[in-house]
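For reference, start.cif is printed below; it contains mmCIF, C-alpha atoms.
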```cif
data_my_file
#
loop_
_atom_site.label_atom_id
_atom_site.label_comp_id
_atom_site.auth_asym_id
_atom_site.auth_seq_id
_atom_site.Cartn_x
_atom_site.Cartn_y
_atom_site.Cartn_z
CA MET A 668 -12.93 -15.68 -13.13
CA ALA A 669 -12.22 -12.44 -14.93
CA ALA A 670 -9.50 -14.07 -17.02
CA VAL A 671 -8.70 -17.75 -17.49
CA GLU A 672 -5.76 -19.22 -19.34
CA SER A 673 -4.94 -22.72 -20.47
CA ALA A 674 -1.34 -22.25 -19.45
CA SER A 675 -0.10 -20.29 -16.46
CA THR A 676 1.70 -17.00 -17.07
CA PHE A 677 2.32 -16.42 -13.38
CA THR A 678 5.74 -14.99 -12.60
CA PRO A 679 6.77 -15.09 -8.93
CA ALA A 680 7.51 -11.86 -7.12
CA PRO A 681 11.01 -10.74 -8.09
CA GLU A 682 13.86 -11.07 -5.66
CA ALA A 683 16.14 -8.18 -4.90
CA ASP A 684 19.25 -7.88 -7.03
CA LYS A 685 22.13 -9.73 -5.43
CA THR A 686 25.47 -8.30 -4.36
CA ALA A 687 28.78 -9.97 -5.14
CA ASP A 688 28.45 -12.29 -2.14
CA GLY A 689 24.97 -13.43 -3.21
CA THR A 690 22.98 -11.40 -0.65
CA PRO A 691 20.39 -8.70 -1.46
CA PRO A 692 21.65 -5.12 -1.23
CA ALA A 693 20.80 -3.50 2.06
CA ALA A 694 19.14 -0.53 0.40
CA TYR A 695 17.13 0.47 -2.65
CA GLY A 696 19.01 2.71 -5.06
CA PRO A 697 17.92 6.38 -4.82
CA THR A 698 16.44 7.89 -7.99
CA SER A 699 15.39 11.37 -9.02
CA ARG A 700 11.86 10.50 -7.86
CA THR A 701 12.82 9.08 -4.47
CA VAL A 702 15.40 11.63 -3.30
CA THR A 703 13.62 14.11 -1.04
CA SER A 704 14.01 17.85 -1.54
CA ARG A 705 13.63 18.66 2.18
CA ASP A 706 14.89 17.07 5.40
CA ARG A 707 17.08 14.55 3.60
CA ASP A 708 18.42 13.35 6.94
CA ARG A 709 14.97 11.87 7.62
CA ALA A 710 14.93 9.79 4.42
CA SER A 711 16.06 6.18 4.13
CA TYR A 712 16.33 3.58 1.39
CA ASP A 713 17.03 0.71 3.78
CA ARG A 714 15.32 -2.42 2.46
CA GLU A 715 14.61 -3.93 5.88
CA LEU A 716 13.09 -0.68 7.14
CA VAL A 717 10.90 -0.31 4.06
CA HIS A 718 9.63 -3.89 4.37
CA SER A 719 8.93 -3.40 8.07
CA LEU A 720 6.91 -0.23 7.50
CA LEU A 721 4.92 -1.84 4.68
CA ASP A 722 4.20 -4.94 6.74
CA GLN A 723 2.90 -2.96 9.71
CA SER A 724 -0.02 -1.51 7.76
CA TYR A 725 -2.51 -2.63 5.13
CA VAL A 726 -4.14 0.59 3.86
CA CYS A 727 -2.36 2.57 1.17
CA HIS A 728 -3.15 5.54 -1.05
CA LEU A 729 -2.74 4.91 -4.77
CA GLY A 730 -2.12 7.95 -6.94
CA PHE A 731 -2.34 8.15 -10.74
CA VAL A 732 -3.35 10.61 -13.44
CA ARG A 733 -6.84 10.61 -14.96
CA ASP A 734 -7.83 12.98 -17.75
CA GLY A 735 -4.79 15.12 -17.00
CA ALA A 736 -5.62 15.48 -13.30
CA PRO A 737 -4.25 13.63 -10.25
CA VAL A 738 -6.42 11.06 -8.47
CA VAL A 739 -5.62 9.38 -5.14
CA LEU A 740 -7.63 6.39 -3.91
CA PRO A 741 -7.41 4.53 -0.57
CA THR A 742 -7.33 0.74 -0.83
CA LEU A 743 -5.82 -2.44 0.66
CA TYR A 744 -2.41 -3.86 -0.18
CA ALA A 745 -0.09 -6.70 0.79
CA ARG A 746 3.62 -7.31 0.26
CA VAL A 747 4.94 -10.57 -1.17
CA GLY A 748 8.72 -10.38 -1.39
CA GLU A 749 9.68 -7.45 -3.59
CA ARG A 750 6.14 -6.96 -4.87
CA LEU A 751 2.99 -5.20 -3.65
CA TYR A 752 -0.49 -6.43 -4.51
CA VAL A 753 -3.23 -3.78 -4.46
CA HIS A 754 -6.92 -4.70 -4.19
CA GLY A 755 -9.70 -3.14 -6.21
CA SER A 756 -12.83 -3.83 -8.22
CA THR A 757 -12.83 -4.66 -11.92
CA GLY A 758 -14.95 -1.56 -12.50
CA SER A 759 -12.58 0.92 -10.87
CA ARG A 760 -10.63 3.37 -13.00
CA PRO A 761 -7.05 2.34 -12.09
CA LEU A 762 -7.82 -1.30 -12.86
CA ARG A 763 -9.38 -0.41 -16.20
CA MET A 764 -6.45 1.80 -17.09
CA ALA A 765 -3.93 -0.89 -16.17
CA ALA A 766 -5.89 -3.48 -18.14
CA ALA A 767 -5.97 -1.25 -21.19
CA ASN A 768 -2.20 -1.63 -21.47
CA PRO A 769 -1.42 -5.08 -20.03
CA SER A 770 2.07 -6.17 -19.11
CA ALA A 771 4.00 -8.04 -21.78
CA ALA A 772 5.14 -10.57 -19.18
CA GLY A 773 2.70 -12.14 -16.77
CA ASP A 774 -0.59 -10.86 -18.23
CA ASP A 775 -2.71 -12.33 -21.00
CA GLY A 776 -3.99 -9.04 -22.37
CA ALA A 777 -7.57 -9.50 -21.20
CA THR A 778 -9.43 -6.35 -20.30
CA ALA A 779 -11.43 -6.05 -17.12
CA THR A 780 -15.18 -6.46 -16.97
CA ASP A 781 -17.65 -4.40 -14.98
CA GLY A 782 -18.23 -5.43 -11.40
CA ALA A 783 -18.54 -4.28 -7.83
CA GLY A 784 -15.65 -4.48 -5.40
CA ALA A 785 -15.49 -4.84 -1.66
CA THR A 786 -12.65 -2.49 -0.72
CA PRO A 787 -12.71 1.25 -0.03
CA ASP A 788 -11.18 2.16 -3.40
CA ALA A 789 -14.09 4.52 -4.18
CA ALA A 790 -16.80 4.28 -6.81
CA ASP A 791 -15.90 3.73 -10.45
CA PRO A 792 -15.15 7.21 -11.87
CA GLY A 793 -15.68 6.11 -15.47
CA ALA A 794 -14.40 4.06 -18.35
CA ALA A 795 -10.81 4.17 -19.53
CA SER A 796 -9.71 5.35 -22.95
CA SER A 797 -6.52 5.54 -24.94
CA GLU A 798 -6.15 9.15 -23.76
CA ASP A 799 -6.00 7.88 -20.15
CA ALA A 800 -2.75 6.08 -20.85
CA ALA A 801 -1.26 9.17 -22.42
CA ASP A 802 -2.43 11.34 -19.51
CA ALA A 803 -0.80 8.91 -17.10
CA GLY A 804 2.54 9.51 -18.78
CA GLN A 805 3.07 5.85 -19.49
CA SER A 806 6.18 5.03 -21.50
CA ARG A 807 5.66 1.28 -21.16
CA PRO A 808 2.63 -1.01 -20.65
CA GLY A 809 0.73 -0.64 -17.40
CA LEU A 810 -0.36 2.28 -15.26
CA ALA A 811 2.13 4.79 -13.83
CA VAL A 812 1.36 5.13 -10.13
CA CYS A 813 2.65 6.48 -6.85
CA LEU A 814 1.71 4.45 -3.76
CA THR A 815 2.10 5.76 -0.22
CA VAL A 816 1.77 4.24 3.24
CA THR A 817 1.84 6.39 6.39
CA HIS A 818 1.98 5.60 10.11
CA LEU A 819 0.97 8.46 12.44
CA ASP A 820 2.91 8.18 15.70
CA GLY A 821 2.28 11.46 17.46
CA VAL A 822 1.11 15.07 17.35
CA VAL A 823 3.94 17.48 18.11
CA LEU A 824 2.81 20.60 20.00
CA ALA A 825 5.30 23.44 19.99
CA ARG A 826 5.24 26.80 21.71
CA SER A 827 4.84 28.51 18.32
CA ALA A 828 2.20 27.61 15.73
CA PHE A 829 4.89 27.40 13.05
CA HIS A 830 6.74 24.51 14.71
CA HIS A 831 3.72 22.28 15.31
CA SER A 832 4.25 19.00 13.50
CA ILE A 833 3.56 15.27 13.55
CA ASN A 834 5.73 12.27 14.19
CA TYR A 835 5.30 9.73 11.42
CA ARG A 836 6.85 6.90 9.39
CA SER A 837 6.09 6.63 5.70
CA VAL A 838 6.95 4.77 2.50
CA VAL A 839 6.58 6.07 -1.05
CA VAL A 840 6.71 3.70 -4.04
CA HIS A 841 6.93 4.86 -7.66
CA GLY A 842 6.43 2.48 -10.55
CA VAL A 843 4.20 0.97 -13.21
CA ALA A 844 1.34 -1.20 -11.97
CA HIS A 845 -0.09 -4.12 -13.96
CA GLN A 846 -3.38 -5.93 -13.59
CA VAL A 847 -3.02 -9.53 -12.39
CA THR A 848 -4.92 -11.89 -14.69
CA ASP A 849 -3.16 -15.22 -14.19
CA PRO A 850 -5.46 -17.43 -12.04
CA HIS A 851 -2.67 -18.80 -9.84
CA GLU A 852 -1.14 -15.40 -9.16
CA ARG A 853 -4.59 -13.96 -8.39
CA THR A 854 -5.09 -16.69 -5.78
CA VAL A 855 -1.68 -15.96 -4.24
CA ALA A 856 -2.42 -12.23 -4.24
CA LEU A 857 -5.94 -12.46 -2.79
CA ASP A 858 -4.84 -14.85 -0.03
CA ALA A 859 -1.97 -12.51 0.79
CA LEU A 860 -4.34 -9.53 0.98
CA VAL A 861 -6.70 -11.32 3.39
CA ASN A 862 -3.89 -12.70 5.56
CA HIS A 863 -2.06 -9.37 5.64
CA VAL A 864 -5.07 -7.72 7.27
CA VAL A 865 -5.83 -10.63 9.61
CA PRO A 866 -3.13 -13.36 9.63
CA GLY A 867 -4.67 -16.81 9.29
CA ARG A 868 -8.02 -15.59 7.99
CA ALA A 869 -7.69 -16.85 4.39
CA ALA A 870 -7.85 -20.45 5.57
CA ASP A 871 -10.80 -19.70 7.87
CA CYS A 872 -13.34 -18.37 5.35
CA ARG A 873 -15.00 -19.48 2.12
CA PRO A 874 -12.89 -18.77 -0.98
CA GLY A 875 -14.36 -16.45 -3.59
CA ASN A 876 -16.70 -18.00 -6.12
CA ALA A 877 -16.63 -17.32 -9.87
CA LYS A 878 -18.97 -14.33 -9.63
CA GLU A 879 -17.03 -12.75 -6.76
CA LEU A 880 -13.68 -13.31 -8.43
CA ALA A 881 -14.99 -11.75 -11.64
CA ALA A 882 -15.84 -8.61 -9.64
CA THR A 883 -12.45 -8.50 -7.92
CA ALA A 884 -9.25 -7.26 -9.45
CA VAL A 885 -5.65 -6.96 -8.28
CA LEU A 886 -2.79 -4.71 -9.34
CA ARG A 887 0.83 -5.67 -8.86
CA LEU A 888 3.60 -3.15 -8.27
CA ASP A 889 7.23 -4.20 -7.96
CA LEU A 890 9.39 -2.53 -5.32
CA GLU A 891 12.07 -0.76 -7.34
CA GLU A 892 11.84 3.01 -6.75
CA VAL A 893 11.21 3.16 -3.02
CA SER A 894 11.98 5.49 -0.14
CA ALA A 895 11.07 5.76 3.53
CA LYS A 896 10.86 8.93 5.61
CA TRP A 897 10.08 9.67 9.22
CA ARG A 898 10.01 12.23 11.99
CA ASP A 899 10.38 11.53 15.69
CA GLY A 900 11.17 13.44 18.86
CA GLY A 901 9.80 16.59 20.40
CA PRO A 902 9.14 20.11 19.12
CA ASN A 903 11.89 22.21 17.57
CA ASP A 904 11.08 25.52 19.24
CA GLU A 905 13.10 28.65 18.68
CA PRO A 906 15.45 29.47 21.59
CA GLU A 907 13.63 32.75 22.24
CA ASP A 908 10.32 30.88 22.62
CA LEU A 909 11.45 28.45 25.33
CA GLY A 910 10.29 30.75 28.10
CA LEU A 911 6.77 31.20 26.76
CA PRO A 912 3.94 29.95 29.05
CA HIS A 913 2.60 27.37 26.57
CA TRP A 914 2.61 23.59 27.05
CA ALA A 915 4.93 21.85 24.58
CA GLY A 916 5.52 18.17 23.91
CA VAL A 917 4.16 15.16 22.03
CA LEU A 918 0.69 13.63 22.09
CA PRO A 919 1.32 9.97 21.21
CA VAL A 920 -0.95 8.30 18.65
CA ALA A 921 -1.19 4.52 18.32
CA PRO A 922 -3.63 2.18 16.53
CA ARG A 923 -5.65 -0.16 18.74
CA TYR A 924 -7.96 -3.08 18.06
CA GLY A 925 -11.09 -3.30 20.16
CA THR A 926 -12.92 -6.38 21.43
CA PRO A 927 -14.29 -8.42 18.48
CA ILE A 928 -18.05 -8.02 18.06
CA PRO A 929 -19.79 -11.16 16.78
CA SER A 930 -22.32 -10.89 13.97
CA ASP A 931 -25.96 -10.86 15.11
CA ASP A 932 -26.62 -14.03 13.13
CA LEU A 933 -23.47 -15.90 14.25
CA ASP A 934 -24.02 -19.35 15.74
CA PRO A 935 -23.10 -18.90 19.42
CA ALA A 936 -21.42 -22.29 19.32
CA ILE A 937 -18.70 -20.92 17.02
CA PRO A 938 -15.80 -19.79 19.23
CA LEU A 939 -13.68 -16.71 18.71
CA PRO A 940 -10.64 -17.71 16.59
CA ASP A 941 -7.26 -17.57 18.29
CA TYR A 942 -5.95 -15.16 15.65
CA LEU A 943 -8.58 -12.64 16.82
CA ALA A 944 -8.34 -13.33 20.52
CA GLU A 945 -4.60 -12.65 20.39
CA ARG A 946 -4.84 -9.28 18.65
#
```

Using structure tokens, write down the structure from this file.
Amino acid sequence: MAAVESASTFTPAPEADKTADGTPPAAYGPTSRTVTSRDRDRASYDRELVHSLLDQSYVCHLGFVRDGAPVVLPTLYARVGERLYVHGSTGSRPLRMAAANPSAAGDDGATATDGAGATPDAADPGAASSEDAADAGQSRPGLAVCLTVTHLDGVVLARSAFHHSINYRSVVVHGVAHQVTDPHERTVALDALVNHVVPGRAADCRPGNAKELAATAVLRLDLEEVSAKWRDGGPNDEPEDLGLPHWAGVLPVAPRYGTPIPSDDLDPAIPLPDYLAER
């Protein structure tokens, strides 16, 4: 594996702070980075809503600063309690940058090694340096990031070009990401990533071997500064445009899984798993 320890440093995903009656607060606390500047009535900090939106998808966009310029990479993620795990390769820039400044709690300080990943987090844009951490604006160990998840629900067609829009649901998470190096936590995270995409799949495939695990890396990001935002409904046309002879309304958009296509070299005696047949 990329990092092995004699004693576990795994720290479970944090629970939400408790209220006086011992229950988690219903909402995340707004911060200067999560309060929206426009359409504040569409924003929410509701914990249950945020979790629901995160759990309904598995592709995120991870933003950070490299050499003084913003970079945004698509990759896979999974939620475990109040924590997100983000998949990548040990050769990718965000993983190298996070490893260059490991977390004081939960990481052993090992730096990542070169390797090839299996997720769409883009090719390795280069090696990290001490300047990378400064460019990222890090005030504490780890990599300062912004992670976003978006659901597209519809295309809104208005009578005027100005009022065309989309219906969507989104989550934005700000925080400091840390590379996961503890073997037990890496197992938890990788199983969660596989099962989040296809529930039940982690137990129905061969686990990663030493070479594969050495090429795979995981970032963890705790849910602390979080907000959700959405738009729904029809077009907001101007009153004077309502009589114009242009069609107006919403074109719904929804994800759909097709019929599973077996591999050309699959043994025909192997049946389609129930977790695929039911999707």

Notebook entry, point to check: What does the distance between atom CA of Ala895 of chain A and atom CA of Leu751 of chain A come to in Å, to one decimal place?
Noted result: 15.4 Å

Margin query: When you count all atoms listed in the file, which of these residues is closest to Glu945 of chain A: A:Gly809, A:Ala884, A:Val865, A:Asp889?
Written below: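 Comparing A:Gly809, A:Ala884, A:Val865, A:Asp889 against Glu945 of chain A, the winner is A:Val865.
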
Next item on the list: Can you work out which one of A:His845, A:His831, A:Arg853, A:Arg700 has the shortest atom-to-atom distance to Thr883 of chain A, counting all atoms listed in the file?
Entry: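 Comparing A:His845, A:His831, A:Arg853, A:Arg700 against Thr883 of chain A, the winner is A:Arg853.
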
Item checked: Closest of A:Val738, A:Leu888, A:Ile833, A:Val812 to Pro902 of chain A - atom-to-atom distances counting all atoms listed in the file ->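 Among A:Val738, A:Leu888, A:Ile833, A:Val812, it is A:Ile833 that comes nearest to Pro902 of chain A.
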
Please give the centre and size of the box around segment 857-866 of chain A (axis-aligned, containing every atom listed in the file, 6 Å added per side), with values in Å to one decimal and written as AutoDock Vina command-line options.
```
--center_x -4.3 --center_y -11.3 --center_z 3.4 --size_x 16.7 --size_y 19.1 --size_z 24.4
```

Decode the PyMOL selection byres ((chain A and resi 702) around 12) for the given file into explicit residues and return them as a PDB file with C-alpha atoms, in the coordinates of the input.
```
ATOM      1  CA  TYR A 695      17.130   0.470  -2.650  1.00  0.00           C
ATOM      2  CA  GLY A 696      19.010   2.710  -5.060  1.00  0.00           C
ATOM      3  CA  PRO A 697      17.920   6.380  -4.820  1.00  0.00           C
ATOM      4  CA  THR A 698      16.440   7.890  -7.990  1.00  0.00           C
ATOM      5  CA  SER A 699      15.390  11.370  -9.020  1.00  0.00           C
ATOM      6  CA  ARG A 700      11.860  10.500  -7.860  1.00  0.00           C
ATOM      7  CA  THR A 701      12.820   9.080  -4.470  1.00  0.00           C
ATOM      8  CA  THR A 703      13.620  14.110  -1.040  1.00  0.00           C
ATOM      9  CA  SER A 704      14.010  17.850  -1.540  1.00  0.00           C
ATOM     10  CA  ARG A 705      13.630  18.660   2.180  1.00  0.00           C
ATOM     11  CA  ASP A 706      14.890  17.070   5.400  1.00  0.00           C
ATOM     12  CA  ARG A 707      17.080  14.550   3.600  1.00  0.00           C
ATOM     13  CA  ASP A 708      18.420  13.350   6.940  1.00  0.00           C
ATOM     14  CA  ARG A 709      14.970  11.870   7.620  1.00  0.00           C
ATOM     15  CA  ALA A 710      14.930   9.790   4.420  1.00  0.00           C
ATOM     16  CA  SER A 711      16.060   6.180   4.130  1.00  0.00           C
ATOM     17  CA  TYR A 712      16.330   3.580   1.390  1.00  0.00           C
ATOM     18  CA  VAL A 839       6.580   6.070  -1.050  1.00  0.00           C
ATOM     19  CA  VAL A 840       6.710   3.700  -4.040  1.00  0.00           C
ATOM     20  CA  HIS A 841       6.930   4.860  -7.660  1.00  0.00           C
ATOM     21  CA  GLU A 892      11.840   3.010  -6.750  1.00  0.00           C
ATOM     22  CA  VAL A 893      11.210   3.160  -3.020  1.00  0.00           C
ATOM     23  CA  SER A 894      11.980   5.490  -0.140  1.00  0.00           C
ATOM     24  CA  ALA A 895      11.070   5.760   3.530  1.00  0.00           C
ATOM     25  CA  LYS A 896      10.860   8.930   5.610  1.00  0.00           C
TER      26      LYS A 896
END
```

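Using only C-alpha atoms, the nearest neighbour of Tyr835 of chain A within the list A:Leu720, A:Ala936, A:Ser930, A:Cys727 is A:Leu720.
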
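Residues within 9 Å of Asp722 of chain A, counting all atoms listed in the file and excluding same-chain residues fewer than 4 positions away, are Val717, His718, Ala745, Arg746 and His863 of chain A.
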
Notebook entry, point to check: Pick the closest to His754 of chain A from A:Pro850, A:Gly735, A:Gly925, A:Pro741: which is it, counting only C-alpha atoms?
Noted result: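 Closest candidate: A:Pro741.
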
Check: What is the atom CA of Pro922 of chain A to atom CA of Leu824 of chain A distance in Å?
Finding: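 Those two atoms sit 19.8 Å apart.
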